[in-house]
Amino acid sequence: MPRFFFFFLEMQVAENENLEGVLRQGTSARHEGLSKSRKPNEREAKVIHGEGLNTIKAIQYETLAYMTNLAVVNCQIHGRNALNLKGFFIMDCPDLTSLAFQLIYLNLSFNSISSFPTQIFCLKYLQILILRNNPIKTIPSGIQQLRFLRVFNIAFNLITNLPPGLFYLFSLEELNISYNSIEFIPNEIQQLRSLKRLFVDGNDLTSFPPGILKLNLKKIQFENNFTYPCLWKENSLNSPQSLVQLASLFFLKNNLQKYYDAIPGKIQVLLKCASQCEWCQGPRFGEGYRVIQSCNVFGAARLPVLFHVCSSSCYQEVNEHTPGPEKQQNQAGDATTSSHGLIGRDHDPERVHSAELALEELREAVCTRQVDGASACRG
């Protein structure tokens, strides 16, 4: 096989030399007639020269394709489990179906691949995938098919967001998404319980989700982002909550629905639109309050973690505490029962009266269609 490859390259070089000889002959013949018609001949020479360059480019592309396919065949024949196509300047991934059950390492870095190579999804036992330094813009959710993937490197690309399928790679130990255009990391990253090393340098991140505190990272790098403490205040600005959101929160936090046999349908729909507070795990309406907590974890100092909380009381608690992950989880569990002491207690007549007032205020807010009522439901 190698002899055939070198023989093929010698033939390509010979063809290129013959092509250059023809171009030189054509150019010299036109130089003789320059005195008669200079401009038309110059125009013709440029056309021929351009066609020659296109031919050379086509030959070079074919050569790269042959070299790529040869590497795949060579890997198959010798039963190797690693394929390195680094710096081949290919624009697409070759067919890898012949290596579906033997390849565990694939390096496609420093190429010109503009779309994620879905051909790799046939690699049933792939463990290491390197795609750095390519113009890839998106990662498909189908990546979750690579169930045994342990190392994923897609640094120095054009990625703007992380797909949900990425967070189903439960065997992933190292994730490198450095130097892309990622603005936020979803809270679903907490599902990657095997993750040990996370590299997010050179992105547009302003903070990290609270789910990251549930991981057991040994190393995290987040330099060259918008995570500096001087930007925390700007990155966590809040708007006042609407009357609908405040009344709905008070109604659910105090478990006031038990005092009514029937609640109007519109109010029931509104109460079901609640999301979860990321601090006390209780209900949250709308965006709530955003607050950044500084955490010294995973060997990093002042890691900014952004919490979306339900109320001003949770906001104050986040500001007052700077715990590690284990302590924070305990406090979050305690906050469910202690931060809002009205839950689970016996209610006296005064609280029954306050329940009636709260429901009346909520009914009025819904009927008058407060400006922020629609945004609360969307939240």
# chains A, B, ... in the order shown; residues from 1 in each chain; ligands from 1
>>> residues_around(residues="Val200 in chain A", least_positions_apart="3", cutoff="10 Å", atoms="only C-alpha atoms", output="VMD selection string")
chain A and resid 155 175 to 180 182 185 203 to 205 220 to 225
>>> select_by_dssp(residues="range 92-243 of chain A", states="alpha helix (DSSP H)", output="CSV table (one decimal) with N, CA, C and O atoms, in the first residue's frame")
chain,number,residue,atom,x,y,z
A,232,TRP,N,-19.8,42.0,38.3
A,232,TRP,CA,-20.8,41.2,38.9
A,232,TRP,C,-22.1,42.0,39.1
A,232,TRP,O,-23.2,41.5,38.8
A,233,LYS,N,-22.0,43.2,39.5
A,233,LYS,CA,-23.2,44.0,39.7
A,233,LYS,C,-23.9,44.3,38.4
A,233,LYS,O,-25.2,44.2,38.4
A,234,GLU,N,-23.2,44.6,37.4
A,234,GLU,CA,-23.8,44.8,36.1
A,234,GLU,C,-24.5,43.5,35.5
A,234,GLU,O,-25.5,43.6,34.9
A,235,ASN,N,-23.9,42.4,35.8
A,235,ASN,CA,-24.4,41.1,35.3
A,235,ASN,C,-25.5,40.6,36.1
A,235,ASN,O,-26.1,39.5,35.7
A,243,LEU,N,-47.1,42.8,40.8
A,243,LEU,CA,-48.1,42.5,41.8
A,243,LEU,C,-48.5,41.0,41.7
A,243,LEU,O,-48.7,40.3,42.7
>>> atom_distance(atom1="CA of Phe121 in chain A", atom2="CA of Asn216 in chain A")
27.9 Å
>>> select_by_dssp(residues="range 172-336 of chain A", states="strand (DSSP E)", output="VMD selection string")
chain A and resid 174 to 176 197 to 199 219 to 221 275 to 276 283 to 284 289 to 297 300 to 309
>>> closest_residue(among="A:Gly87, A:Leu213, A:Gln191, A:Leu169", to="Asn296 in chain A", atoms="only C-alpha atoms")
A:Leu213
>>> atom_distance(atom1="CA of Gln316 in chain A", atom2="CA of Lys253 in chain A")
17.4 Å
>>> closest_residue(among="A:Phe251, A:Tyr260, A:Trp279, A:Phe170", to="Leu146 in chain A", atoms="only C-alpha atoms")
A:Phe170
>>> closest_residue(among="A:Val309, A:Cys273, A:Ile113, A:Ile136", to="Lys86 in chain A", atoms="only C-alpha atoms")
A:Ile113
>>> atom_distance(atom1="CA of Lys214 in chain A", atom2="CA of Gln245 in chain A")
29.1 Å
>>> closest_residue(among="A:Val72, A:Tyr66, A:Pro117, A:Ala300", to="Met91 in chain A", atoms="only C-alpha atoms")
A:Pro117
>>> closest_residue(among="A:Leu252, A:Ala100, A:Phe88, A:Tyr228", to="Ala274 in chain A", atoms="only C-alpha atoms")
A:Leu252
>>> closest_residue(among="A:Ala262, A:Val318, A:Ile104, A:Ile139", to="Leu162 in chain A", atoms="only C-alpha atoms")
A:Ile139
>>> residues_around(residues="Pro229 in chain A", least_positions_apart="5", cutoff="12 Å", atoms="only C-alpha atoms", output="list of chain:residue names")
A:Thr206, A:Ser207, A:Glu234, A:Asn235, A:Ser236, A:Ile292, A:Gln293, A:Ser294, A:Cys295, A:Ala301, A:Arg302, A:Leu303, A:Pro304, A:Val305
>>> write_last_selection(atoms="N, CA, C and O atoms", output="tab-separated table (two decimals), in the first residue's frame")
chain	number	residue	atom	x	y	z
A	206	THR	N	-20.50	35.24	31.71
A	206	THR	CA	-20.54	36.23	32.79
A	206	THR	C	-20.65	35.55	34.16
A	206	THR	O	-20.33	36.17	35.17
A	207	SER	N	-21.09	34.29	34.18
A	207	SER	CA	-21.24	33.55	35.45
A	207	SER	C	-21.44	32.07	35.14
A	207	SER	O	-21.48	31.67	33.97
A	234	GLU	N	-23.19	44.56	37.38
A	234	GLU	CA	-23.82	44.81	36.09
A	234	GLU	C	-24.49	43.54	35.55
A	234	GLU	O	-25.53	43.61	34.90
A	235	ASN	N	-23.88	42.39	35.82
A	235	ASN	CA	-24.40	41.13	35.29
A	235	ASN	C	-25.54	40.56	36.11
A	235	ASN	O	-26.11	39.52	35.74
A	236	SER	N	-25.90	41.21	37.22
A	236	SER	CA	-27.00	40.69	38.07
A	236	SER	C	-28.00	41.78	38.41
A	236	SER	O	-28.52	41.84	39.53
A	292	ILE	N	-25.35	37.02	42.28
A	292	ILE	CA	-24.12	36.27	42.05
A	292	ILE	C	-23.44	36.02	43.39
A	292	ILE	O	-23.25	36.94	44.18
A	293	GLN	N	-23.08	34.76	43.60
A	293	GLN	CA	-22.36	34.38	44.81
A	293	GLN	C	-20.93	33.98	44.44
A	293	GLN	O	-20.71	33.26	43.47
A	294	SER	N	-19.98	34.46	45.21
A	294	SER	CA	-18.58	34.12	45.00
A	294	SER	C	-18.25	32.82	45.72
A	294	SER	O	-18.46	32.70	46.92
A	295	CYS	N	-17.73	31.83	44.98
A	295	CYS	CA	-17.42	30.52	45.55
A	295	CYS	C	-15.95	30.18	45.31
A	295	CYS	O	-15.45	30.34	44.19
A	301	ALA	N	-10.47	30.49	42.65
A	301	ALA	CA	-10.86	31.55	43.58
A	301	ALA	C	-11.92	32.44	42.93
A	301	ALA	O	-11.81	32.79	41.76
A	302	ARG	N	-12.96	32.74	43.68
A	302	ARG	CA	-14.01	33.68	43.28
A	302	ARG	C	-14.71	33.24	41.99
A	302	ARG	O	-14.79	33.98	41.02
A	303	LEU	N	-15.18	32.01	42.01
A	303	LEU	CA	-15.98	31.52	40.90
A	303	LEU	C	-17.38	32.13	41.00
A	303	LEU	O	-18.08	31.91	42.00
A	304	PRO	N	-17.83	32.92	40.04
A	304	PRO	CA	-19.15	33.57	40.13
A	304	PRO	C	-20.27	32.61	39.75
A	304	PRO	O	-20.33	32.11	38.63
A	305	VAL	N	-21.16	32.34	40.70
A	305	VAL	CA	-22.31	31.46	40.47
A	305	VAL	C	-23.58	32.30	40.54
A	305	VAL	O	-23.82	32.97	41.55
>>> residues_around(residues="Leu246 in chain A", least_positions_apart="4", cutoff="9 Å", atoms="only C-alpha atoms", output="PyMOL selection string")
chain A and resi 241-242+250-251+285+311+362
>>> write_last_selection(atoms="all heavy atoms", output="short mmCIF file (atom, residue, chain, number, x, y, z; two decimals), in the first residue's frame")
data_model
loop_
_atom_site.label_atom_id
_atom_site.label_comp_id
_atom_site.auth_asym_id
_atom_site.auth_seq_id
_atom_site.Cartn_x
_atom_site.Cartn_y
_atom_site.Cartn_z
N GLN A 241 -40.48 42.98 40.94
CA GLN A 241 -41.48 41.98 40.61
C GLN A 241 -42.86 42.62 40.52
O GLN A 241 -43.17 43.59 41.21
CB GLN A 241 -41.48 40.87 41.66
CG GLN A 241 -40.25 39.98 41.60
CD GLN A 241 -40.33 38.85 42.60
OE1 GLN A 241 -40.35 39.06 43.80
NE2 GLN A 241 -40.41 37.61 42.10
N SER A 242 -43.70 42.05 39.68
CA SER A 242 -45.05 42.58 39.51
C SER A 242 -45.95 42.15 40.67
O SER A 242 -45.61 41.24 41.45
CB SER A 242 -45.65 42.07 38.19
OG SER A 242 -45.85 40.68 38.25
N PHE A 250 -46.81 34.63 47.49
CA PHE A 250 -47.33 34.63 48.86
C PHE A 250 -48.40 33.55 49.04
O PHE A 250 -48.45 32.86 50.05
CB PHE A 250 -47.91 36.01 49.18
CG PHE A 250 -48.41 36.14 50.58
CD1 PHE A 250 -47.55 36.40 51.63
CD2 PHE A 250 -49.77 36.00 50.86
CE1 PHE A 250 -48.02 36.51 52.93
CE2 PHE A 250 -50.25 36.11 52.16
CZ PHE A 250 -49.37 36.36 53.19
N PHE A 251 -49.23 33.38 48.01
CA PHE A 251 -50.31 32.41 48.08
C PHE A 251 -49.77 30.98 48.19
O PHE A 251 -50.24 30.19 49.02
CB PHE A 251 -51.19 32.55 46.82
CG PHE A 251 -52.52 31.86 46.93
CD1 PHE A 251 -53.59 32.46 47.56
CD2 PHE A 251 -52.68 30.60 46.38
CE1 PHE A 251 -54.79 31.81 47.67
CE2 PHE A 251 -53.90 29.95 46.47
CZ PHE A 251 -54.96 30.56 47.11
N PHE A 285 -41.80 32.86 40.50
CA PHE A 285 -42.61 33.40 39.41
C PHE A 285 -41.80 34.42 38.63
O PHE A 285 -41.17 35.31 39.22
CB PHE A 285 -43.91 34.02 39.94
CG PHE A 285 -44.86 33.01 40.50
CD1 PHE A 285 -44.80 32.64 41.83
CD2 PHE A 285 -45.81 32.41 39.68
CE1 PHE A 285 -45.67 31.70 42.35
CE2 PHE A 285 -46.69 31.46 40.20
CZ PHE A 285 -46.62 31.11 41.54
N SER A 311 -37.42 35.42 46.03
CA SER A 311 -37.86 36.55 46.85
C SER A 311 -36.65 37.31 47.39
O SER A 311 -35.51 36.87 47.27
CB SER A 311 -38.74 36.07 48.01
OG SER A 311 -38.00 35.18 48.84
N LEU A 362 -55.00 38.67 44.35
CA LEU A 362 -54.59 37.91 43.19
C LEU A 362 -55.65 37.92 42.11
O LEU A 362 -55.37 38.07 40.92
CB LEU A 362 -54.27 36.48 43.60
CG LEU A 362 -53.66 35.56 42.54
CD1 LEU A 362 -52.39 36.16 41.98
CD2 LEU A 362 -53.37 34.19 43.14
#
>>> decode(residues="range 160-236 of chain A", atoms="C-alpha atoms", output="mmCIF file, in the first residue's frame")
data_model
loop_
_atom_site.group_PDB
_atom_site.id
_atom_site.type_symbol
_atom_site.label_atom_id
_atom_site.label_comp_id
_atom_site.auth_asym_id
_atom_site.auth_seq_id
_atom_site.Cartn_x
_atom_site.Cartn_y
_atom_site.Cartn_z
ATOM 1 C CA THR A 160 -22.417 29.703 20.480
ATOM 2 C CA ASN A 161 -24.439 27.313 22.682
ATOM 3 C CA LEU A 162 -24.317 23.834 24.187
ATOM 4 C CA PRO A 163 -27.020 21.344 23.130
ATOM 5 C CA PRO A 164 -29.087 19.308 25.618
ATOM 6 C CA GLY A 165 -27.640 16.059 24.248
ATOM 7 C CA LEU A 166 -24.178 17.016 25.478
ATOM 8 C CA PHE A 167 -25.328 16.643 29.088
ATOM 9 C CA TYR A 168 -26.272 12.990 28.558
ATOM 10 C CA LEU A 169 -22.648 11.956 28.129
ATOM 11 C CA PHE A 170 -22.490 10.435 31.599
ATOM 12 C CA SER A 171 -18.976 9.010 31.059
ATOM 13 C CA LEU A 172 -17.473 12.393 30.135
ATOM 14 C CA GLU A 173 -14.431 13.246 32.262
ATOM 15 C CA GLU A 174 -12.929 16.193 30.371
ATOM 16 C CA LEU A 175 -14.720 18.927 28.427
ATOM 17 C CA ASN A 176 -12.801 21.644 26.588
ATOM 18 C CA ILE A 177 -14.945 24.363 24.981
ATOM 19 C CA SER A 178 -12.357 27.133 25.259
ATOM 20 C CA TYR A 179 -12.216 30.049 22.843
ATOM 21 C CA ASN A 180 -15.663 29.854 21.303
ATOM 22 C CA SER A 181 -18.567 32.335 21.578
ATOM 23 C CA ILE A 182 -20.549 30.707 24.385
ATOM 24 C CA GLU A 183 -22.500 33.171 26.549
ATOM 25 C CA PHE A 184 -23.896 30.831 29.203
ATOM 26 C CA ILE A 185 -23.691 27.250 30.436
ATOM 27 C CA PRO A 186 -27.036 25.496 31.078
ATOM 28 C CA ASN A 187 -27.815 24.273 34.564
ATOM 29 C CA GLU A 188 -28.078 20.753 33.120
ATOM 30 C CA ILE A 189 -24.302 20.525 33.391
ATOM 31 C CA GLN A 190 -24.977 19.074 36.861
ATOM 32 C CA GLN A 191 -25.866 15.799 35.094
ATOM 33 C CA LEU A 192 -22.223 15.232 34.110
ATOM 34 C CA ARG A 193 -21.332 13.604 37.431
ATOM 35 C CA SER A 194 -18.151 11.989 35.997
ATOM 36 C CA LEU A 195 -16.714 15.327 34.835
ATOM 37 C CA LYS A 196 -13.303 16.050 36.366
ATOM 38 C CA ARG A 197 -11.815 18.793 34.160
ATOM 39 C CA LEU A 198 -13.654 21.739 32.601
ATOM 40 C CA PHE A 199 -11.998 24.332 30.345
ATOM 41 C CA VAL A 200 -14.066 27.360 29.278
ATOM 42 C CA ASP A 201 -11.391 30.032 28.687
ATOM 43 C CA GLY A 202 -11.933 32.716 26.084
ATOM 44 C CA ASN A 203 -15.737 32.744 25.854
ATOM 45 C CA ASP A 204 -18.451 35.343 26.620
ATOM 46 C CA LEU A 205 -19.443 33.900 29.995
ATOM 47 C CA THR A 206 -20.545 36.226 32.793
ATOM 48 C CA SER A 207 -21.244 33.551 35.451
ATOM 49 C CA PHE A 208 -21.839 29.858 36.068
ATOM 50 C CA PRO A 209 -25.099 28.053 36.907
ATOM 51 C CA PRO A 210 -25.646 26.724 40.443
ATOM 52 C CA GLY A 211 -25.713 23.180 39.088
ATOM 53 C CA ILE A 212 -21.951 23.312 38.654
ATOM 54 C CA LEU A 213 -21.579 23.146 42.445
ATOM 55 C CA LYS A 214 -22.943 19.592 42.378
ATOM 56 C CA LEU A 215 -19.985 18.370 40.310
ATOM 57 C CA ASN A 216 -16.757 16.924 41.658
ATOM 58 C CA LEU A 217 -14.377 18.865 39.450
ATOM 59 C CA LYS A 218 -10.662 18.611 40.034
ATOM 60 C CA LYS A 219 -9.816 21.474 37.700
ATOM 61 C CA ILE A 220 -11.661 24.382 36.120
ATOM 62 C CA GLN A 221 -10.261 27.163 33.931
ATOM 63 C CA PHE A 222 -12.322 30.226 33.018
ATOM 64 C CA GLU A 223 -9.832 32.952 32.131
ATOM 65 C CA ASN A 224 -10.557 35.615 29.499
ATOM 66 C CA ASN A 225 -14.297 35.785 30.157
ATOM 67 C CA PHE A 226 -16.588 38.485 31.580
ATOM 68 C CA THR A 227 -16.418 36.935 35.048
ATOM 69 C CA TYR A 228 -14.363 39.591 36.827
ATOM 70 C CA PRO A 229 -15.812 40.782 40.178
ATOM 71 C CA CYS A 230 -16.052 44.366 38.906
ATOM 72 C CA LEU A 231 -18.708 43.164 36.414
ATOM 73 C CA TRP A 232 -20.847 41.167 38.857
ATOM 74 C CA LYS A 233 -23.156 44.037 39.739
ATOM 75 C CA GLU A 234 -23.824 44.810 36.089
ATOM 76 C CA ASN A 235 -24.398 41.126 35.288
ATOM 77 C CA SER A 236 -26.995 40.694 38.066
#
